[in-house]
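One file, coords_6.csv, is given below (CSV, C-alpha atoms).
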```
chain,number,residue,atom,x,y,z
A,1,MET,CA,-10.0,5.4,18.6
A,2,LYS,CA,-6.9,4.4,16.6
A,3,PHE,CA,-5.9,6.8,13.8
A,4,ILE,CA,-4.5,5.2,10.6
A,5,ALA,CA,-2.9,7.6,8.1
A,6,ILE,CA,-3.5,6.9,4.4
A,7,THR,CA,-1.4,8.2,1.5
A,8,MET,CA,-3.1,9.2,-1.7
A,9,ARG,CA,-2.5,9.0,-5.4
A,10,VAL,CA,-1.8,12.1,-7.5
A,11,ASP,CA,-4.3,12.9,-10.3
A,12,HIS,CA,-3.3,15.3,-13.1
A,13,CYS,CA,-6.3,17.3,-14.1
A,14,GLY,CA,-5.3,18.3,-17.6
A,15,VAL,CA,-5.4,21.5,-19.6
A,16,THR,CA,-8.5,23.0,-18.1
A,17,TYR,CA,-7.4,23.2,-14.5
A,18,GLN,CA,-3.7,22.5,-14.7
A,19,GLU,CA,-3.9,21.0,-11.2
A,20,LYS,CA,-2.5,18.1,-9.4
A,21,ARG,CA,-5.1,16.7,-7.0
A,22,ASP,CA,-4.7,14.1,-4.3
A,23,ALA,CA,-7.2,11.3,-4.4
A,24,VAL,CA,-8.1,8.1,-2.8
A,25,ASP,CA,-10.9,5.5,-3.3
A,26,GLN,CA,-13.7,6.4,-0.9
A,27,LYS,CA,-14.1,2.6,-0.2
A,28,LEU,CA,-10.7,2.4,1.3
A,29,LEU,CA,-11.8,4.9,3.9
A,30,GLU,CA,-14.9,2.9,4.5
A,31,LEU,CA,-12.9,-0.3,4.8
A,32,VAL,CA,-10.6,1.2,7.4
A,33,GLY,CA,-13.6,2.5,9.3
A,34,ASP,CA,-15.3,-0.9,9.2
A,35,CYS,CA,-12.1,-2.4,10.8
A,36,GLY,CA,-12.6,-0.1,13.7
A,37,PHE,CA,-10.1,2.6,12.9
A,38,HIS,CA,-10.3,6.3,12.0
A,39,PRO,CA,-8.7,7.2,8.7
A,40,ILE,CA,-6.5,10.3,8.3
A,41,LEU,CA,-5.6,11.4,4.8
A,42,LEU,CA,-2.0,12.6,4.2
A,43,PRO,CA,-1.5,15.0,1.4
A,44,ASN,CA,1.4,14.7,-1.1
A,45,ASN,CA,3.1,17.6,0.5
A,46,LEU,CA,5.9,16.6,2.8
A,47,LYS,CA,5.8,19.8,4.9
A,48,VAL,CA,2.1,19.5,5.6
A,49,ALA,CA,2.3,15.8,6.2
A,50,LYS,CA,5.0,16.3,8.8
A,51,GLN,CA,2.8,18.8,10.6
A,52,ILE,CA,0.0,16.3,10.7
A,53,LEU,CA,2.3,13.7,12.2
A,54,THR,CA,3.2,16.1,15.0
A,55,ILE,CA,-0.5,16.7,15.8
A,56,VAL,CA,-2.0,13.3,15.5
A,57,LYS,CA,-0.8,10.2,17.3
A,58,LEU,CA,-0.9,7.5,14.7
A,59,SER,CA,-1.5,3.8,15.3
A,60,GLY,CA,-0.5,2.9,11.8
A,61,LEU,CA,0.0,3.8,8.1
A,62,ILE,CA,-1.4,2.6,4.8
A,63,PHE,CA,0.3,3.3,1.5
A,64,SER,CA,-2.5,3.1,-1.0
A,65,GLY,CA,-2.4,2.1,-4.7
A,66,GLY,CA,-2.1,4.3,-7.8
A,67,ASN,CA,0.8,6.1,-9.7
A,68,ASP,CA,4.0,4.4,-10.9
A,69,LEU,CA,7.2,5.2,-9.1
A,70,VAL,CA,9.3,7.9,-10.8
A,71,SER,CA,12.1,5.4,-11.3
A,72,TYR,CA,9.7,3.3,-13.4
A,73,GLY,CA,8.2,6.1,-15.6
A,74,GLY,CA,5.9,7.8,-13.1
A,75,SER,CA,5.3,11.5,-12.8
A,76,THR,CA,4.7,12.1,-9.1
A,77,PRO,CA,8.0,12.7,-7.3
A,78,GLU,CA,6.2,14.4,-4.4
A,79,ARG,CA,4.4,11.1,-3.6
A,80,ASP,CA,7.6,9.1,-3.8
A,81,GLU,CA,9.3,11.6,-1.5
A,82,LEU,CA,6.4,11.5,1.0
A,83,GLU,CA,6.2,7.7,1.2
A,84,VAL,CA,9.9,7.2,1.5
A,85,TYR,CA,9.9,9.6,4.4
A,86,LEU,CA,6.9,7.8,6.0
A,87,LEU,CA,8.5,4.4,5.5
A,88,GLU,CA,11.6,5.6,7.3
A,89,HIS,CA,9.4,7.2,10.0
A,90,ALA,CA,7.5,3.9,10.4
A,91,MET,CA,10.7,1.9,10.9
A,92,LYS,CA,12.2,4.5,13.3
A,93,THR,CA,9.1,4.6,15.4
A,94,GLN,CA,8.0,0.9,14.9
A,95,THR,CA,4.7,2.2,13.5
A,96,PRO,CA,2.7,-0.6,11.8
A,97,LEU,CA,2.6,-0.2,8.0
A,98,LEU,CA,0.3,-1.9,5.4
A,99,THR,CA,1.3,-1.3,1.8
A,100,ILE,CA,-1.2,-1.9,-1.1
A,101,CYS,CA,0.0,-2.5,-4.7
A,102,ARG,CA,2.0,0.6,-5.6
A,103,GLY,CA,2.9,0.9,-1.9
A,104,THR,CA,4.4,-2.5,-2.0
A,105,GLN,CA,6.3,-1.6,-5.2
A,106,LEU,CA,7.8,1.4,-3.4
A,107,LEU,CA,8.7,-0.9,-0.5
A,108,MET,CA,10.6,-3.3,-2.8
A,109,ASP,CA,12.3,-0.4,-4.6
A,110,TYR,CA,13.4,1.1,-1.4
A,111,PHE,CA,15.0,-2.1,-0.2
A,112,GLY,CA,16.7,-2.7,-3.6
A,113,GLN,CA,14.5,-5.3,-5.2
A,114,PRO,CA,13.9,-4.4,-8.9
A,115,LEU,CA,10.4,-4.5,-10.3
A,116,VAL,CA,9.7,-6.1,-13.7
A,117,LYS,CA,7.0,-5.9,-16.3
A,118,ILE,CA,4.5,-8.7,-15.9
A,119,ASP,CA,1.6,-9.9,-18.0
A,120,GLY,CA,-1.9,-11.0,-16.9
A,121,HIS,CA,-2.1,-9.0,-13.7
A,122,VAL,CA,-4.2,-6.0,-14.7
A,123,GLY,CA,-8.0,-6.3,-14.3
A,124,SER,CA,-7.7,-10.0,-13.4
A,125,THR,CA,-8.0,-12.3,-10.4
A,126,HIS,CA,-5.6,-14.9,-9.0
A,127,THR,CA,-5.8,-17.8,-6.6
A,128,ILE,CA,-3.3,-17.6,-3.8
A,129,MET,CA,-2.5,-19.5,-0.6
A,130,TYR,CA,-2.3,-16.9,2.1
A,131,ARG,CA,-1.9,-17.9,5.8
A,132,GLU,CA,-2.8,-21.5,4.9
A,133,LYS,CA,-6.1,-20.3,3.3
A,134,SER,CA,-6.8,-20.6,-0.4
A,135,ARG,CA,-8.4,-17.4,-1.7
A,136,ILE,CA,-9.0,-15.4,-4.8
A,137,VAL,CA,-7.6,-11.8,-5.0
A,138,ASN,CA,-8.0,-9.0,-7.5
A,139,SER,CA,-5.0,-7.7,-9.5
A,140,TYR,CA,-4.4,-4.3,-11.1
A,141,HIS,CA,-0.6,-4.0,-11.6
A,142,ASN,CA,1.7,-4.4,-14.6
A,143,LEU,CA,4.9,-4.2,-12.5
A,144,GLY,CA,5.8,-6.9,-10.0
A,145,PHE,CA,8.5,-9.0,-8.5
A,146,TYR,CA,9.5,-12.7,-8.2
A,147,HIS,CA,12.0,-12.3,-5.4
A,148,VAL,CA,12.3,-10.3,-2.2
A,149,PRO,CA,15.3,-8.9,-0.2
A,150,GLN,CA,16.6,-11.0,2.6
A,151,ASP,CA,14.8,-8.8,5.2
A,152,PHE,CA,11.4,-10.0,3.9
A,153,ALA,CA,9.4,-13.2,3.9
A,154,VAL,CA,7.1,-14.2,1.0
A,155,GLU,CA,3.6,-14.8,2.3
A,156,ALA,CA,1.8,-15.5,-1.0
A,157,LYS,CA,2.4,-16.0,-4.7
A,158,ALA,CA,0.2,-16.3,-7.7
A,159,LYS,CA,0.5,-19.5,-9.8
A,160,ASP,CA,2.8,-17.8,-12.2
A,161,GLY,CA,5.3,-17.0,-9.4
A,162,VAL,CA,4.5,-13.3,-9.1
A,163,ILE,CA,4.6,-12.5,-5.4
A,164,LYS,CA,1.4,-11.2,-3.9
A,165,ALA,CA,2.1,-10.7,-0.2
A,166,ILE,CA,5.2,-10.1,1.9
A,167,LYS,CA,6.2,-9.3,5.5
A,168,HIS,CA,9.2,-7.7,6.9
A,169,ASN,CA,11.2,-10.0,9.3
A,170,THR,CA,11.9,-7.2,11.8
A,171,TYR,CA,9.6,-4.2,11.4
A,172,PRO,CA,5.7,-4.4,11.6
A,173,ILE,CA,5.4,-4.0,7.8
A,174,VAL,CA,3.1,-6.1,5.6
A,175,GLY,CA,2.7,-5.6,1.8
A,176,ILE,CA,0.0,-6.9,-0.4
A,177,MET,CA,-0.4,-6.7,-4.2
A,178,TRP,CA,-4.2,-6.7,-4.3
A,179,HIS,CA,-6.8,-4.0,-3.5
A,180,PRO,CA,-9.1,-5.0,-0.6
A,181,GLU,CA,-11.1,-1.8,-1.2
A,182,ARG,CA,-12.0,-2.8,-4.7
A,183,GLU,CA,-14.3,-5.6,-3.8
A,184,SER,CA,-18.1,-5.1,-3.9
A,185,LYS,CA,-18.2,-6.7,-0.5
A,186,PHE,CA,-15.2,-6.5,1.7
A,187,SER,CA,-13.5,-9.8,2.4
A,188,GLN,CA,-13.4,-10.9,6.0
A,189,TYR,CA,-9.9,-12.2,5.3
A,190,ASP,CA,-8.9,-8.6,4.4
A,191,VAL,CA,-10.7,-7.2,7.4
A,192,SER,CA,-8.9,-9.7,9.7
A,193,LEU,CA,-5.6,-8.9,8.0
A,194,ILE,CA,-6.0,-5.1,8.6
A,195,LYS,CA,-7.0,-5.6,12.2
A,196,GLU,CA,-4.0,-7.9,12.7
A,197,VAL,CA,-1.5,-5.4,11.2
A,198,PHE,CA,-2.7,-2.7,13.4
A,199,ASN,CA,-3.2,-4.9,16.5
A,200,SER,CA,-6.9,-4.3,16.9
```
Conversion result in structure tokens:
Amino acid sequence: MKFIAITMRVDHCGVTYQEKRDAVDQKLLELVGDCGFHPILLPNNLKVAKQILTIVKLSGLIFSGGNDLVSYGGSTPERDELEVYLLEHAMKTQTPLLTICRGTQLLMDYFGQPLVKIDGHVGSTHTIMYREKSRIVNSYHNLGFYHVPQDFAVEAKAKDGVIKAIKHNTYPIVGIMWHPERESKFSQYDVSLIKEVFNS
């Protein structure tokens, strides 16, 4: 069994509980399981996450969606810290990494590509050409990018030029700007992509 670690969003629980809670869409765990992998959730606590990495031999990492980066108005520095550490760990160990939406934004920010405010990409769908296949993907982000650093290749764009999929030229890192877990029925394209990223 291959273990795939998944990062989580941070939810602020308001006045009643005054808690920060880690959360992830249950369907993302189902999707990873349907691809033949065993999901491992990583808390937004770097010390604990490091302990998990010493215990579990990972076959890959997924940065899930949710939460803006602190540098773009977000309020979850612990998540930024965790994912930057995991990104550097993935590159150092050549661990395959799939980034989803916010995860891809963090990837671009880390490599020096500014994000910009975009319109028409929240609660919408877009037709893209991805790996020579035309497909429709969902969209839930108001920050995006039209260019990538030289270390990356653009794999898909929306018709307005917003980049929807990228791949690192050296490391086994793939980034997408849609949410495969938010489909009522998982797309076989996404299942195939996830299996490919993690060499299943």
> Can you tell me, as a PyMOL selection string, what residues are no more than 12 Å from stretch 180-185 of chain A when counting only C-alpha atoms, ignoring any on the same chain fewer than 3 positions away?
Replying inline: chain A and resi 24-34+64-65+98-101+123+125+136-140+176-177+188-194
>> When you look at A:Lys57 with a cut-off of 8 Å (counting only C-alpha atoms), what residues show up, excluding the ones that are within fewer than 3 positions of it in the same chain? I need them as a VMD selection string.
In response: chain A and resid 3 53 to 54
> Could you state the separation of atom CA of A:Asn169 and atom CA of A:Thr95 in Å, given to one decimal place?
Replying inline: 14.4 Å
>> Just want the 9 Å neighbourhood of stretch 103-117 of chain A, counted on all atoms listed in the file, with same-chain residues fewer than 4 positions away dropped. Output as JSON, numbers by chain.
In response: {"A": [62, 63, 64, 65, 66, 68, 69, 71, 72, 80, 83, 84, 87, 98, 99, 142, 143, 144, 145, 146, 147, 148, 149, 151, 165, 166, 174, 175, 176, 177]}
> Taking all atoms listed in the file into account, which of A:Asn45, A:Gln94, A:Thr127, A:Thr170 comes nearest A:Lys157?
Replying inline: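 So, comparing all the options, the nearest one is A:Thr127.
Among the candidates A:Leu97, A:Ile6, A:Met91, A:Leu82, the one nearest to A:Ile40 when counting all atoms listed in the file is A:Ile6.
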> By how many Å are atom CA of A:Ala156 and atom CA of A:Lys195 apart?
Replying inline: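 Here the two named atoms are 18.7 Å from each other.
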>> List the spatial neighbours of A:Tyr130 as a ChimeraX atom specification - criterion: any atom at most 7 Å away, only C-alpha atoms, same-chain residues fewer than 2 positions off excluded.
In response: /A:128,132-134,155-156
Restricted to C-alpha atoms, what would the selected residues look like written as a compact mmCIF listing (two decimals), in the coordinates of the input?
```
# COMPACT_ATOMS: atom_id res chain seq x y z
CA ILE A 128 -3.30 -17.60 -3.80
CA GLU A 132 -2.80 -21.50 4.90
CA LYS A 133 -6.10 -20.30 3.30
CA SER A 134 -6.80 -20.60 -0.40
CA GLU A 155 3.60 -14.80 2.30
CA ALA A 156 1.80 -15.50 -1.00
```
>> Under the rule that all atoms listed in the file are counted, which of A:Phe186, A:Tyr171, A:Phe37, A:Phe152 is the nearest residue to A:Ile4?
In response: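 Ranked by minimum distance to A:Ile4, first place goes to A:Phe37.
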